[in-house]
Amino acid sequence: MAAPAAWDDPEPLAVSSAPVPEYGSGSLADLLPTLAAGMGVPGMTASITELTPADRNCVFLIDGLGWEQIRSHPDEAPYLHALLGSSRGGTGRPITAGFPATTATSLASVGTGLPPGAHGLPGYAVRDPGTGELMNQLRWQPWTPPHTWQPYPTVFQLADAAGVHAAQVSSPHFETTPLTKVALSGGRFHGRLTGEERVDFAAEQLAAGDRSLVYTYYAELDGAGHRYGVASDTWRGQLMYVDRLVQRLAEQLPPRSALYVTADHGMLDVPFDEQHRIDFDEDWELSAGVALLGGEGRARHVYAVPGAEGDVLTCWREVLGEQFWVASREEAVAAGWFGPHVDERVHARLGDVIAAARDDVLIIASEREPKESAMVGNHGSMTPAEQLVPLLEVRS
């Protein structure tokens, strides 16, 4: 006689049920190659087929501005909300960030035109196979030779070599960072302090060439979300400011220009209780057999003690499998989480076990990661709130 359903063991989420990003047709990694192909840059492919070529292209990347957040805030972002129908070449659809949906990974995908499995920045913090230590790819700590870690040229470098006027306009702080060097270098970097200064100068740079590829960036919306949450007045105030910045840039576009507004990820708030925040540093089951805990709260790379990989995978599935997609490295690679191909040099950077949140939960580490564990707004996984980003379009 079969046991009552109430006593059945819960089934873990199938790895194949995770919504894999649209690599090759509608992801952040496809954006710059599509624009560059339309300007005649050799070797580039127009993978986002809905976009129409323009001679002058500007990408305005707003950190943390997810598709769902724009849809949910028409009053705070009337200009952006009105552009939703223009997204992805007028289809009114978003694109996907890539996995994990986190800044270092996404900026590298944007700048190189490659998915994470190729460019090799597959998370917030991953193991360096050469040293055995965790390497924070956003802060670049500990320091690692940038072009050894990410050897591919950026789209900006290829465009510049093809005679396109290439420029980045961002905070002066980012000019010399290793992440900028490996992800966004090529042409000229122009540091400007305020959002208004950046969008005004981005418009000038667009007009500076017959063919132009310009990138500009705003980070403070993401910071407000992490600290106060996307339900906060502070975050809404930042969204209102971003809305005005986009309109200001759109109104200055020179002839034959296209402006694309996108983001590196969305965000969601996670409640502060034990049900929603599982503390790895206080959980003996999850920590058993684990040598290093990488990634971030909603997209964990778990590195096992040699020989314990199978036990760690089994345990994490049993404990978390109803709320997280939990995969072995081989399963995640085969499922295409990091793109259609993972370079050999990148393979060992991935966790032996990879856990991606489906529900509004986190795996925090209160001792190892006190600052990250205190964040209200979070991101990293493959849910719509994190993964879907806009590709809003304005043309002159």
# chains A, B, ... in the order shown; residues from 1 in each chain; ligands from 1
$ residues_around --residues "Gly89 in chain A" --least-positions-apart "3" --cutoff "9 Å" --atoms "only C-alpha atoms" --output "ChimeraX atom specification"
/A:48-52,85-86,92-93,391-393
$ residues_around --residues "Ser396 in chain A" --least-positions-apart "4" --cutoff "9 Å" --atoms "only C-alpha atoms" --output "JSON, numbers by chain"
{"A": [250, 251, 253, 254, 255, 256, 257, 258, 259]}
$ write_last_selection --atoms "C-alpha atoms" --output "compact mmCIF listing (two decimals), in the first residue's frame"
# COMPACT_ATOMS: atom_id res chain seq x y z
CA ALA A 250 17.12 60.80 -25.33
CA GLU A 251 16.36 64.45 -26.02
CA LEU A 253 20.54 62.29 -29.48
CA PRO A 254 22.31 63.42 -32.65
CA PRO A 255 20.97 62.31 -36.05
CA ARG A 256 21.18 58.62 -37.05
CA SER A 257 21.39 57.49 -33.41
CA ALA A 258 19.85 54.71 -31.37
CA LEU A 259 19.78 54.75 -27.57
$ select_by_dssp --residues "range 76-251 of chain A" --states "alpha helix (DSSP H)" --output "PyMOL selection string"
chain A and resi 78-82+87-90+103-112+116-119+146-149+155-161+178-183+195-207+220-228+233-250
$ write_last_selection --atoms "C-alpha atoms" --output "tab-separated table (two decimals), in the first residue's frame"
chain	number	residue	atom	x	y	z
A	78	PRO	CA	6.77	57.45	-16.48
A	79	TYR	CA	9.29	57.93	-19.29
A	80	LEU	CA	10.81	54.46	-18.94
A	81	HIS	CA	7.39	52.89	-18.55
A	82	ALA	CA	6.21	54.55	-21.75
A	87	SER	CA	11.96	47.07	-25.89
A	88	ARG	CA	13.84	44.55	-28.01
A	89	GLY	CA	13.20	46.22	-31.32
A	90	GLY	CA	9.57	47.08	-30.69
A	103	THR	CA	27.18	42.91	-11.91
A	104	ALA	CA	30.66	41.54	-12.59
A	105	THR	CA	29.30	38.71	-14.72
A	106	SER	CA	26.87	40.91	-16.63
A	107	LEU	CA	29.31	43.74	-17.34
A	108	ALA	CA	31.80	41.22	-18.70
A	109	SER	CA	29.05	39.73	-20.89
A	110	VAL	CA	28.12	43.18	-22.19
A	111	GLY	CA	31.64	44.30	-22.96
A	112	THR	CA	33.08	41.10	-24.43
A	116	PRO	CA	29.98	33.72	-18.71
A	117	GLY	CA	31.30	30.30	-19.63
A	118	ALA	CA	33.60	31.96	-22.18
A	119	HIS	CA	34.65	35.26	-20.61
A	146	PRO	CA	43.37	40.82	-15.52
A	147	HIS	CA	44.13	39.65	-19.05
A	148	THR	CA	45.15	36.22	-17.85
A	149	TRP	CA	41.81	35.89	-16.12
A	155	VAL	CA	33.69	44.67	-28.54
A	156	PHE	CA	34.85	48.26	-27.94
A	157	GLN	CA	38.41	47.26	-28.86
A	158	LEU	CA	37.25	45.51	-32.02
A	159	ALA	CA	35.03	48.44	-32.97
A	160	ASP	CA	37.83	50.93	-32.38
A	161	ALA	CA	40.16	48.86	-34.59
A	178	PRO	CA	40.64	45.59	-13.47
A	179	LEU	CA	36.98	44.87	-14.22
A	180	THR	CA	36.86	47.85	-16.58
A	181	LYS	CA	40.08	46.73	-18.24
A	182	VAL	CA	38.85	43.21	-19.00
A	183	ALA	CA	35.21	44.04	-19.75
A	195	GLY	CA	24.55	61.50	-13.87
A	196	GLU	CA	23.73	64.68	-15.77
A	197	GLU	CA	27.35	65.16	-16.78
A	198	ARG	CA	27.55	61.58	-18.00
A	199	VAL	CA	24.46	61.65	-20.20
A	200	ASP	CA	25.34	65.07	-21.64
A	201	PHE	CA	28.84	63.92	-22.53
A	202	ALA	CA	27.56	60.61	-23.88
A	203	ALA	CA	25.43	62.57	-26.36
A	204	GLU	CA	28.50	64.59	-27.37
A	205	GLN	CA	30.50	61.39	-27.90
A	206	LEU	CA	27.75	59.95	-30.08
A	207	ALA	CA	28.03	62.97	-32.35
A	220	GLU	CA	23.30	54.30	-7.49
A	221	LEU	CA	19.92	52.65	-8.11
A	222	ASP	CA	21.50	49.29	-7.34
A	223	GLY	CA	23.11	50.63	-4.18
A	224	ALA	CA	19.79	51.94	-2.91
A	225	GLY	CA	18.17	48.58	-3.60
A	226	HIS	CA	20.81	46.62	-1.73
A	227	ARG	CA	20.75	48.89	1.29
A	228	TYR	CA	17.07	49.79	1.58
A	233	ASP	CA	11.25	55.40	-0.70
A	234	THR	CA	15.00	55.78	-1.25
A	235	TRP	CA	14.96	53.30	-4.13
A	236	ARG	CA	11.88	54.94	-5.63
A	237	GLY	CA	13.61	58.32	-5.45
A	238	GLN	CA	16.58	56.90	-7.33
A	239	LEU	CA	14.25	55.44	-9.95
A	240	MET	CA	12.64	58.87	-10.46
A	241	TYR	CA	16.11	60.36	-10.97
A	242	VAL	CA	17.08	57.62	-13.44
A	243	ASP	CA	13.88	58.25	-15.39
A	244	ARG	CA	14.84	61.91	-15.82
A	245	LEU	CA	18.39	60.99	-16.85
A	246	VAL	CA	17.17	58.69	-19.62
A	247	GLN	CA	14.81	61.34	-20.95
A	248	ARG	CA	17.58	63.96	-20.80
A	249	LEU	CA	19.88	61.75	-22.89
A	250	ALA	CA	17.12	60.80	-25.33
$ residues_around --residues "range 261-277 of chain A" --least-positions-apart "4" --cutoff "7 Å" --atoms "only C-alpha atoms" --output "PDB file with C-alpha atoms, in the first residue's frame"
ATOM      1  CA  VAL A  59      24.056  51.799 -24.455  1.00  0.00           C
ATOM      2  CA  PHE A  60      22.943  53.269 -21.122  1.00  0.00           C
ATOM      3  CA  LEU A  61      23.298  50.533 -18.504  1.00  0.00           C
ATOM      4  CA  ILE A  62      21.506  51.253 -15.234  1.00  0.00           C
ATOM      5  CA  ASP A  63      22.698  48.923 -12.504  1.00  0.00           C
ATOM      6  CA  GLY A  64      19.804  47.019 -10.943  1.00  0.00           C
ATOM      7  CA  LEU A  65      17.007  48.256 -13.233  1.00  0.00           C
ATOM      8  CA  GLY A  66      15.061  45.063 -13.863  1.00  0.00           C
ATOM      9  CA  TRP A  67      12.205  44.706 -16.341  1.00  0.00           C
ATOM     10  CA  ALA A  97      20.976  39.035 -18.106  1.00  0.00           C
ATOM     11  CA  ALA A 101      22.496  37.767 -12.722  1.00  0.00           C
ATOM     12  CA  THR A 102      25.169  39.828 -11.001  1.00  0.00           C
ATOM     13  CA  THR A 103      27.180  42.906 -11.907  1.00  0.00           C
ATOM     14  CA  SER A 106      26.871  40.907 -16.634  1.00  0.00           C
ATOM     15  CA  LEU A 107      29.314  43.743 -17.337  1.00  0.00           C
ATOM     16  CA  GLY A 229      15.222  47.442  -0.780  1.00  0.00           C
ATOM     17  CA  VAL A 230      13.192  47.991  -3.923  1.00  0.00           C
ATOM     18  CA  ASP A 360      12.531  34.516  -2.159  1.00  0.00           C
ATOM     19  CA  VAL A 361      15.294  32.988  -0.049  1.00  0.00           C
ATOM     20  CA  LEU A 362      19.009  33.486   0.518  1.00  0.00           C
ATOM     21  CA  ILE A 363      21.932  31.420   1.693  1.00  0.00           C
ATOM     22  CA  ILE A 364      23.717  34.023   3.781  1.00  0.00           C
ATOM     23  CA  VAL A 376      17.753  44.003   1.835  1.00  0.00           C
ATOM     24  CA  GLY A 377      17.630  43.760  -1.963  1.00  0.00           C
ATOM     25  CA  ASN A 378      19.323  40.799  -3.629  1.00  0.00           C
ATOM     26  CA  HIS A 379      19.842  39.197  -7.034  1.00  0.00           C
ATOM     27  CA  ALA A 385      12.637  39.570 -11.113  1.00  0.00           C
ATOM     28  CA  GLU A 386      16.418  39.103 -11.404  1.00  0.00           C
ATOM     29  CA  GLN A 387      16.966  37.758 -14.885  1.00  0.00           C
ATOM     30  CA  LEU A 388      14.736  39.877 -17.110  1.00  0.00           C
ATOM     31  CA  VAL A 389      16.200  43.243 -18.108  1.00  0.00           C
ATOM     32  CA  PRO A 390      14.898  45.900 -20.498  1.00  0.00           C
ATOM     33  CA  LEU A 391      16.264  46.836 -23.890  1.00  0.00           C
ATOM     34  CA  LEU A 392      14.360  50.077 -24.288  1.00  0.00           C
ATOM     35  CA  GLU A 393      14.992  51.954 -27.520  1.00  0.00           C
TER      36      GLU A 393
END
$ closest_residue --among "A:Leu28, A:Ile95, A:Val353, A:Leu138" --to "Leu286 in chain A" --atoms "only C-alpha atoms"
A:Val353
$ atom_distance --atom1 "CA of Trp337 in chain A" --atom2 "CA of Phe99 in chain A"
6.1 Å
$ select_by_dssp --residues "range 185-335 of chain A" --states "strand (DSSP E or B)" --output "short mmCIF file (atom, residue, chain, number, x, y, z; two decimals) with N, CA and C atoms, in the first residue's frame"
data_model
loop_
_atom_site.label_atom_id
_atom_site.label_comp_id
_atom_site.auth_asym_id
_atom_site.auth_seq_id
_atom_site.Cartn_x
_atom_site.Cartn_y
_atom_site.Cartn_z
N ARG A 188 38.13 55.33 -25.85
CA ARG A 188 38.53 56.21 -24.75
C ARG A 188 37.53 56.16 -23.62
N PHE A 189 38.07 56.21 -22.39
CA PHE A 189 37.25 56.30 -21.19
C PHE A 189 37.19 57.77 -20.77
N HIS A 190 35.98 58.23 -20.45
CA HIS A 190 35.79 59.61 -20.01
C HIS A 190 35.09 59.59 -18.65
N GLY A 191 35.78 60.06 -17.63
CA GLY A 191 35.21 60.09 -16.30
C GLY A 191 34.38 61.35 -16.07
N SER A 212 29.55 55.58 -34.24
CA SER A 212 29.92 55.71 -32.84
C SER A 212 29.30 54.59 -32.02
N LEU A 213 30.07 54.11 -31.05
CA LEU A 213 29.59 53.13 -30.07
C LEU A 213 29.95 53.67 -28.70
N VAL A 214 28.93 54.10 -27.95
CA VAL A 214 29.14 54.79 -26.68
C VAL A 214 28.41 54.03 -25.58
N TYR A 215 29.08 53.91 -24.44
CA TYR A 215 28.52 53.23 -23.27
C TYR A 215 28.55 54.19 -22.09
N THR A 216 27.44 54.26 -21.35
CA THR A 216 27.44 55.02 -20.11
C THR A 216 26.69 54.23 -19.05
N TYR A 217 26.93 54.59 -17.78
CA TYR A 217 26.57 53.70 -16.67
C TYR A 217 26.16 54.51 -15.46
N TYR A 218 25.17 53.98 -14.73
CA TYR A 218 24.73 54.61 -13.49
C TYR A 218 24.52 53.51 -12.45
N SER A 257 21.00 58.12 -34.68
CA SER A 257 21.39 57.49 -33.41
C SER A 257 20.30 56.57 -32.89
N ALA A 258 20.75 55.57 -32.13
CA ALA A 258 19.85 54.71 -31.37
C ALA A 258 20.36 54.64 -29.93
N LEU A 259 19.47 54.88 -28.99
CA LEU A 259 19.78 54.75 -27.57
C LEU A 259 19.12 53.48 -27.06
N TYR A 260 19.91 52.64 -26.36
CA TYR A 260 19.39 51.43 -25.76
C TYR A 260 19.59 51.50 -24.25
N VAL A 261 18.51 51.41 -23.50
CA VAL A 261 18.55 51.44 -22.04
C VAL A 261 18.39 50.01 -21.54
N THR A 262 19.37 49.54 -20.79
CA THR A 262 19.32 48.17 -20.30
C THR A 262 19.88 48.12 -18.88
N LEU A 268 15.17 41.71 -5.99
CA LEU A 268 14.01 41.48 -5.14
C LEU A 268 14.41 41.57 -3.68
N ASP A 269 13.47 41.97 -2.84
CA ASP A 269 13.71 42.08 -1.41
C ASP A 269 13.48 40.72 -0.75
N ARG A 277 16.23 33.47 5.17
CA ARG A 277 17.68 33.68 5.18
C ARG A 277 18.33 32.51 5.92
N ILE A 278 18.85 31.58 5.16
CA ILE A 278 19.47 30.37 5.71
C ILE A 278 20.95 30.66 5.91
N ASP A 279 21.41 30.56 7.15
CA ASP A 279 22.77 30.97 7.48
C ASP A 279 23.73 29.78 7.37
N VAL A 290 32.27 21.12 2.93
CA VAL A 290 32.47 22.28 2.07
C VAL A 290 33.79 22.97 2.43
N ALA A 291 34.64 23.15 1.44
CA ALA A 291 35.92 23.83 1.65
C ALA A 291 35.80 25.34 1.47
N LEU A 292 35.02 25.77 0.46
CA LEU A 292 34.84 27.20 0.16
C LEU A 292 33.40 27.44 -0.26
N LEU A 293 32.87 28.58 0.20
CA LEU A 293 31.53 29.01 -0.22
C LEU A 293 31.69 30.26 -1.07
N GLU A 296 27.06 34.24 -4.32
CA GLU A 296 26.34 35.15 -3.43
C GLU A 296 25.05 34.48 -3.01
N ALA A 299 22.87 32.78 -5.66
CA ALA A 299 23.56 32.03 -6.71
C ALA A 299 24.90 31.56 -6.15
N ARG A 300 24.87 30.43 -5.48
CA ARG A 300 26.04 29.95 -4.76
C ARG A 300 26.89 28.98 -5.58
N HIS A 301 28.21 29.22 -5.55
CA HIS A 301 29.20 28.24 -5.99
C HIS A 301 29.73 27.57 -4.72
N VAL A 302 29.60 26.25 -4.65
CA VAL A 302 29.99 25.50 -3.47
C VAL A 302 31.16 24.59 -3.85
N TYR A 303 32.28 24.76 -3.17
CA TYR A 303 33.49 23.99 -3.48
C TYR A 303 33.72 22.97 -2.36
N ALA A 304 33.66 21.71 -2.74
CA ALA A 304 33.72 20.63 -1.75
C ALA A 304 35.15 20.24 -1.41
N PHE A 324 15.61 25.84 -4.21
CA PHE A 324 16.74 26.15 -5.08
C PHE A 324 16.86 25.09 -6.17
N TRP A 325 17.28 25.52 -7.36
CA TRP A 325 17.79 24.56 -8.34
C TRP A 325 19.21 24.23 -7.91
N VAL A 326 19.46 22.97 -7.57
CA VAL A 326 20.77 22.54 -7.09
C VAL A 326 21.35 21.57 -8.12
N ALA A 327 22.52 21.94 -8.65
CA ALA A 327 23.12 21.15 -9.73
C ALA A 327 24.58 20.88 -9.43
N SER A 328 25.08 19.76 -9.92
CA SER A 328 26.52 19.56 -9.96
C SER A 328 27.10 20.47 -11.04
#
$ residues_around --residues "Leu13 in chain A" --least-positions-apart "3" --cutoff "10 Å" --atoms "only C-alpha atoms" --output "PDB file with N, CA and C atoms, in the first residue's frame"
ATOM      1  N   PRO A  10       9.675  15.260  -0.317  1.00  0.00           N
ATOM      2  CA  PRO A  10       9.515  16.303  -1.342  1.00  0.00           C
ATOM      3  C   PRO A  10      10.488  16.091  -2.490  1.00  0.00           C
ATOM      4  N   SER A  16      16.663  20.746 -15.084  1.00  0.00           N
ATOM      5  CA  SER A  16      16.159  21.118 -16.407  1.00  0.00           C
ATOM      6  C   SER A  16      15.004  22.109 -16.350  1.00  0.00           C
ATOM      7  N   SER A  17      14.427  22.321 -15.169  1.00  0.00           N
ATOM      8  CA  SER A  17      13.303  23.254 -15.054  1.00  0.00           C
ATOM      9  C   SER A  17      13.747  24.692 -14.845  1.00  0.00           C
ATOM     10  N   ALA A  18      15.036  24.929 -14.642  1.00  0.00           N
ATOM     11  CA  ALA A  18      15.537  26.293 -14.484  1.00  0.00           C
ATOM     12  C   ALA A  18      15.419  27.036 -15.812  1.00  0.00           C
ATOM     13  N   ARG A 317      20.825  19.167  -2.010  1.00  0.00           N
ATOM     14  CA  ARG A 317      19.545  18.866  -2.658  1.00  0.00           C
ATOM     15  C   ARG A 317      18.480  18.518  -1.617  1.00  0.00           C
ATOM     16  N   LEU A 320      17.773  21.932   0.437  1.00  0.00           N
ATOM     17  CA  LEU A 320      17.358  23.136  -0.280  1.00  0.00           C
ATOM     18  C   LEU A 320      16.565  22.876  -1.552  1.00  0.00           C
ATOM     19  N   GLY A 321      16.415  21.634  -1.929  1.00  0.00           N
ATOM     20  CA  GLY A 321      15.940  21.305  -3.268  1.00  0.00           C
ATOM     21  C   GLY A 321      14.556  21.769  -3.628  1.00  0.00           C
ATOM     22  N   GLU A 322      13.713  22.090  -2.627  1.00  0.00           N
ATOM     23  CA  GLU A 322      12.386  22.608  -2.951  1.00  0.00           C
ATOM     24  C   GLU A 322      12.408  24.100  -3.253  1.00  0.00           C
ATOM     25  N   GLN A 323      13.483  24.801  -2.850  1.00  0.00           N
ATOM     26  CA  GLN A 323      13.555  26.253  -3.003  1.00  0.00           C
ATOM     27  C   GLN A 323      14.649  26.706  -3.959  1.00  0.00           C
ATOM     28  N   PHE A 324      15.606  25.839  -4.212  1.00  0.00           N
ATOM     29  CA  PHE A 324      16.743  26.150  -5.083  1.00  0.00           C
ATOM     30  C   PHE A 324      16.855  25.088  -6.171  1.00  0.00           C
ATOM     31  N   TRP A 325      17.280  25.522  -7.358  1.00  0.00           N
ATOM     32  CA  TRP A 325      17.788  24.565  -8.336  1.00  0.00           C
ATOM     33  C   TRP A 325      19.211  24.230  -7.911  1.00  0.00           C
ATOM     34  N   VAL A 326      19.459  22.972  -7.572  1.00  0.00           N
ATOM     35  CA  VAL A 326      20.770  22.536  -7.094  1.00  0.00           C
ATOM     36  C   VAL A 326      21.350  21.569  -8.121  1.00  0.00           C
ATOM     37  N   ALA A 327      22.519  21.939  -8.652  1.00  0.00           N
ATOM     38  CA  ALA A 327      23.122  21.153  -9.730  1.00  0.00           C
ATOM     39  C   ALA A 327      24.583  20.876  -9.432  1.00  0.00           C
ATOM     40  N   ARG A 358      15.028  29.714  -6.452  1.00  0.00           N
ATOM     41  CA  ARG A 358      13.764  29.927  -7.146  1.00  0.00           C
ATOM     42  C   ARG A 358      12.830  30.792  -6.304  1.00  0.00           C
TER      43      ARG A 358
END
$ closest_residue --among "A:Ala348, A:Ala332, A:Val126, A:Leu31" --to "Thr45 in chain A" --atoms "only C-alpha atoms"
A:Leu31
$ closest_residue --among "A:Glu318, A:Asp210, A:Glu282, A:Glu175" --to "Leu193 in chain A" --atoms "only C-alpha atoms"
A:Glu175
$ residues_around --residues "Glu285 in chain A" --least-positions-apart "4" --cutoff "10 Å" --atoms "only C-alpha atoms" --output "list in words"
Phe280, Gly289, Val290, Val312, Cys315, Trp316, Glu318 and Val319 of chain A
